[in-house]
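Source file run.cif; content: mmCIF, C-alpha atoms.
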data_model
loop_
_atom_site.label_atom_id
_atom_site.label_comp_id
_atom_site.auth_asym_id
_atom_site.auth_seq_id
_atom_site.Cartn_x
_atom_site.Cartn_y
_atom_site.Cartn_z
CA MET J 230 -9.68 1.20 -13.97
CA PRO J 231 -10.00 -2.43 -12.97
CA SER J 232 -12.47 -3.41 -10.28
CA ALA J 233 -11.25 -4.51 -6.86
CA LYS J 234 -12.01 -8.12 -7.74
CA GLN J 235 -10.06 -7.87 -11.00
CA LYS J 236 -7.06 -6.28 -9.27
CA MET J 237 -7.09 -8.93 -6.54
CA THR J 238 -7.23 -11.65 -9.19
CA GLU J 239 -4.23 -10.10 -10.98
CA VAL J 240 -2.19 -9.97 -7.77
CA ILE J 241 -3.09 -13.55 -6.84
CA GLN J 242 -2.32 -14.87 -10.31
CA SER J 243 1.06 -13.13 -10.30
CA GLN J 244 2.14 -15.15 -7.27
CA PRO J 245 4.13 -18.37 -7.65
CA GLU J 246 2.18 -21.62 -7.49
CA ASP J 247 3.75 -22.50 -4.13
CA ALA J 248 2.89 -19.15 -2.49
CA THR J 249 1.42 -19.51 0.97
CA TYR J 250 -1.84 -17.96 2.10
CA GLU J 251 0.15 -15.51 4.25
CA GLU J 252 2.36 -14.47 1.31
CA ILE J 253 -0.66 -13.85 -0.90
CA MET J 254 -2.41 -11.85 1.82
CA ARG J 255 0.76 -9.79 2.35
CA GLU J 256 0.93 -9.00 -1.37
CA LEU J 257 -2.74 -8.01 -1.46
CA ALA J 258 -2.26 -5.74 1.55
CA PHE J 259 0.86 -4.19 0.01
CA GLU J 260 -0.95 -3.56 -3.28
CA ARG J 261 -3.77 -1.79 -1.42
CA MET J 262 -1.37 0.32 0.64
CA VAL J 263 0.41 1.48 -2.52
CA ALA J 264 -2.89 2.27 -4.24
CA ARG J 265 -4.11 4.28 -1.24
CA GLY J 266 -0.82 6.16 -1.07
CA LEU J 267 -1.06 7.08 -4.74
CA GLU J 268 -4.68 8.18 -4.28
CA ASP J 269 -3.66 10.37 -1.35
CA SER J 270 -0.79 11.87 -3.32
CA ARG J 271 -2.99 12.69 -6.30
CA ALA J 272 -5.55 14.30 -3.98
CA GLY J 273 -2.87 16.43 -2.35
CA ARG J 274 -3.10 14.65 0.99
CA VAL J 275 0.63 14.74 1.62
CA VAL J 276 3.01 15.86 4.35
CA SER J 277 6.40 17.41 3.62
CA SER J 278 9.55 15.64 4.73
CA GLU J 279 10.25 18.48 7.12
CA GLU J 280 6.81 18.20 8.72
CA MET J 281 7.16 14.42 9.04
CA GLU J 282 10.58 14.87 10.66
CA ARG J 283 9.05 17.30 13.17
CA ARG J 284 6.23 14.87 13.96
CA MET J 285 8.60 11.96 14.43
CA ARG J 286 10.74 13.96 16.85
CA THR J 287 7.67 14.47 19.06
CA TRP J 288 7.10 10.71 19.13
CA GLN J 289 10.59 10.11 20.51
CA LYS J 290 10.02 12.24 23.61
#
Translate this structure into structure tokens?
Amino acid sequence: MPSAKQKMTEVIQSQPEDATYEEIMRELAFERMVARGLEDSRAGRVVSSEEMERRMRTWQK
């Protein structure tokens, strides 16, 4: 598994040469969110669609 620094370098290097600072930061944040989501899924920290629907309904009240 690559280190955080290696993964960040990969993401940065995959960006076009004219990418802005904001675009690069957005890609780094997106990469981290996906990685955390996959970690949660593998660890069983998930919520069913039905449960999420129920929770969202309570937010709308």
Please provide the set of residues having any atom within 12 Å of segment 249-263 of chain J, restricted to all atoms listed in the file, with same-chain residues fewer than 4 positions apart removed, written as an NGL selection string.
:J and (233-234 or 236-245 or 267-270)
Box along x, y and z, 6 Å on every side, all listed atoms of segment 273-285 of chain J inside: centre and edge lengths in Å to one decimal, as AutoDock Vina command-line options.
--center_x 3.7 --center_y 15.2 --center_z 6.0 --size_x 25.7 --size_y 18.5 --size_z 28.8
Measure the distance from atom CA of Glu280 of chain J to atom CA of Ala264 of chain J in Å and round it to one decimal.
22.7 Å
Find the distance between atom CA of Thr287 of chain J and atom CA of Arg271 of chain J and write it in Å to one decimal.
27.6 Å
